[in-house]
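Q: Encoded as structure tokens, here's the structure I'll be asking about.
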Protein chains: 2
Amino acid sequence: MNSRRGRSPEGRAEVRRELVAAAVRLFRTRGYEETTVDDIAAAAGVGRRTFFRYFPSKEDAISPDHEVALARIDEVLTTAHPTEPTASLVVRAGETVFDLYAEDPGLSVERFRLTHEVPALRDRESARVDHYRRLFTRRLRERFAGEPDGDLRAAVIGAAVVAAHNLALRGWLAGGGRPDDVEHHRERFRKVIDLLPREPGTPDVTERLEAAVARLERHA
Amino acid sequence: MNSRRGRSPEGRAEVRRELVAAAVRLFRTRGYEETTVDDIAAAAGVGRRTFFRYFPSKEDAISPDHEVALARIDEVLTTAHPTEPTASLVVRAGETVFDLYAEDPGLSVERFRLTHEVPALRDRESARVDHYRRLFTRRLRERFAGEPDGDLRAAVIGAAVVAAHNLALRGWLAGGGRPDDVEHHRERFRKVIDLLPREPGTPDVTERLEAAVARLERHA
DNA sequence: AGCTTAACGGCACTGAGTGCCGCTTGTACA
DNA sequence: TGTACAAGCGGCACTCAGTGCCGTTAAGCT
């Protein structure tokens, strides 16, 4: 029998996938509150203790790897060349999150539905989004250190980028994550980013955003 | 002995205050994770079961009444005269939250420290802020129904108002909630709101905002 | 004073999350 | 190819948050 998965790297990835699949299935059919961690573990064929070795909590059972996403964004923000325009930088960072969701559109759509129907999951998602916002704001604050209103600009740009990103992502997911729906949400994304305070001499932001959405389109 | 409080309306208010005071004190001296609900209840002189009759969860022990705040905002937004400019409307709604925090500046400052040091409380706060954002967005969407880009404008204005409000509030609380510190944060507040997309014919937003901060100043 | 209502305390229970420990498996190395 | 070692696993026991239930007790009204 193959009840001895997870001891190799491929096995661990397989166990993780099966846990996520079991969680999504049970949450949708039975409901989030009515599903216990024991249920998920049993459905995935592992022990309850093992579940908590893959996910820190029940709420994280359907989540992409949050820490990985934060680390990717942080790497983009910290390794950027100092002369790169800020607009280009935040768009590149946003792209990494787009890619993460576009890796498995089906799962992303299902996750979207659950996080909008289950209060506990919705609150968890709010906290996660705020982690992204804080990371952007922190790195931008370092970047703007010494400039007039640097902190304020960092806070506003950080909030605006995350808001724009979520608006576009949610719109796309709410429509079922279909590739032919991207055009409409590209427009929305662009409009929100247009509200960002312009820096003199900064190249057009929308150019970079279109590249990001195009990249999402390819994956979806 | 007065171990029979809480049976009258004044008694209930007193019990609530004592529970909040006990929670704040224990969270600061012993730490959030190291404090159990039994500890809080015992310190306030009530049974553990009674704690959960006053607060839905341990995380809410130090919170102002979230539902009350949401209801106040919602009333302002839904009972507004249709001809009132949107800028004026959202500022009036924001004022009600300002008032709630200004009622007890000392408690607000203490709460601010805790929500920034304890991850669990910080995540809870993120979710709460998002509830405000969603409420604003929902009511603004109804208000903008039928107008071009109504949904998009509702989403952006809702997010911007909440962000501006939090920025000013956090700045004031981080400085210790002192009345003579308000001027600096009034400036920050005004600058953020200036980023809002202007509606043609709308009177100056900053005028209303200054009134809001002045009101905060009076209470603090 | 008697009656109704509502808050209280306590008990028992479910379920999330954690520490510990002995077992099993894949791997590295002889 | 056999063996030692590291790492993952299952299970057990425990703490604590949160809930349902119920008997008790105080507050307010007649």
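Ordering of the structure tokens sets the chain letters (A, B, ...), residue numbers begin anew at 1 in every chain, and ligands are numbered from 1 in the order given.
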Taking a cut-off of 8 Å and counting only C-alpha atoms (C1' of nucleotides), can you build a table that, for each residue of chain A near chain D, reports the nearest atom pair and how far apart they are in Å (one decimal), sorted by chain then residue number, as JSON lines?
A:
{"residue": "A:Gly6", "atom": "CA", "partner": "D:DG8", "partner_atom": "C1'", "distance": 7.0}
{"residue": "A:Arg7", "atom": "CA", "partner": "D:DG8", "partner_atom": "C1'", "distance": 5.6}
{"residue": "A:Gly47", "atom": "CA", "partner": "D:DG10", "partner_atom": "C1'", "distance": 5.9}
{"residue": "A:Arg49", "atom": "CA", "partner": "D:DG10", "partner_atom": "C1'", "distance": 7.3}
{"residue": "A:Thr50", "atom": "CA", "partner": "D:DC9", "partner_atom": "C1'", "distance": 7.0}
Q: Determine which residues of chain B sit within 7 Å of chain A, taking into account only C-alpha atoms, and present them as a ChimeraX atom specification.
A: /B:123,126-127,130
Q: Report as a Markdown table the residues of chain A within 9 Å of chain C, each with its shortest atom pair and distance in Å (one decimal), using only C-alpha atoms (C1' of nucleotides), ordered by chain and increasing residue number.
A:
| residue | atom | partner | partner_atom | distance |
| --- | --- | --- | --- | --- |
| A:Arg4 | CA | C:DT25 | C1' | 7.7 |
| A:Arg7 | CA | C:DG26 | C1' | 6.6 |
| A:Ser8 | CA | C:DG26 | C1' | 7.0 |
| A:Thr36 | CA | C:DG15 | C1' | 7.3 |
| A:Val37 | CA | C:DA16 | C1' | 8.2 |
| A:Phe52 | CA | C:DG17 | C1' | 8.1 |
| A:Pro56 | CA | C:DG17 | C1' | 8.6 |
| A:Ser57 | CA | C:DG17 | C1' | 7.7 |
| A:Lys58 | CA | C:DA16 | C1' | 7.9 |
Q: Could you save the residues just selected, with C-alpha atoms, as an mmCIF file, in the first residue's frame?
A:
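Below is the file that was written, selection10.cif:
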data_model
loop_
_atom_site.group_PDB
_atom_site.id
_atom_site.type_symbol
_atom_site.label_atom_id
_atom_site.label_comp_id
_atom_site.auth_asym_id
_atom_site.auth_seq_id
_atom_site.Cartn_x
_atom_site.Cartn_y
_atom_site.Cartn_z
ATOM 1 C CA ARG A 4 3.838 5.553 3.417
ATOM 2 C CA ARG A 7 8.896 10.682 3.435
ATOM 3 C CA SER A 8 10.386 11.973 0.204
ATOM 4 C CA THR A 36 -13.155 18.791 11.734
ATOM 5 C CA VAL A 37 -9.436 18.491 11.216
ATOM 6 C CA PHE A 52 -0.671 20.181 11.639
ATOM 7 C CA PRO A 56 -0.457 25.750 11.069
ATOM 8 C CA SER A 57 -4.224 25.818 11.455
ATOM 9 C CA LYS A 58 -7.473 24.524 10.011
#
Q: Quick one: pick out all alpha helix (DSSP H) residues within stretch 3-197 of chain A from a backbone DSSP run and write them as an NGL selection string.
A: :A and (9-30 or 37-44 or 48-54 or 66-78 or 86-102 or 105-117 or 119-143 or 150-174 or 182-193)
Q: For atom CA of B:Ile157 and atom CA of B:Leu77, quote the distance in Å rounded to one decimal.
A: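 Result for atom CA of B:Ile157 versus atom CA of B:Leu77: 13.7 Å, one decimal.
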Q: Hey, can you check how far atom CA of A:Arg178 sits from atom CA of A:Ser88?
A: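 Rounded to one decimal, the two atoms are 26.4 Å apart.
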Q: Quick one, how far is atom CA of B:Glu117 from atom CA of A:Ile73?
A: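 If I compute the distance from atom CA of B:Glu117 to atom CA of A:Ile73, I get 23.2 Å.
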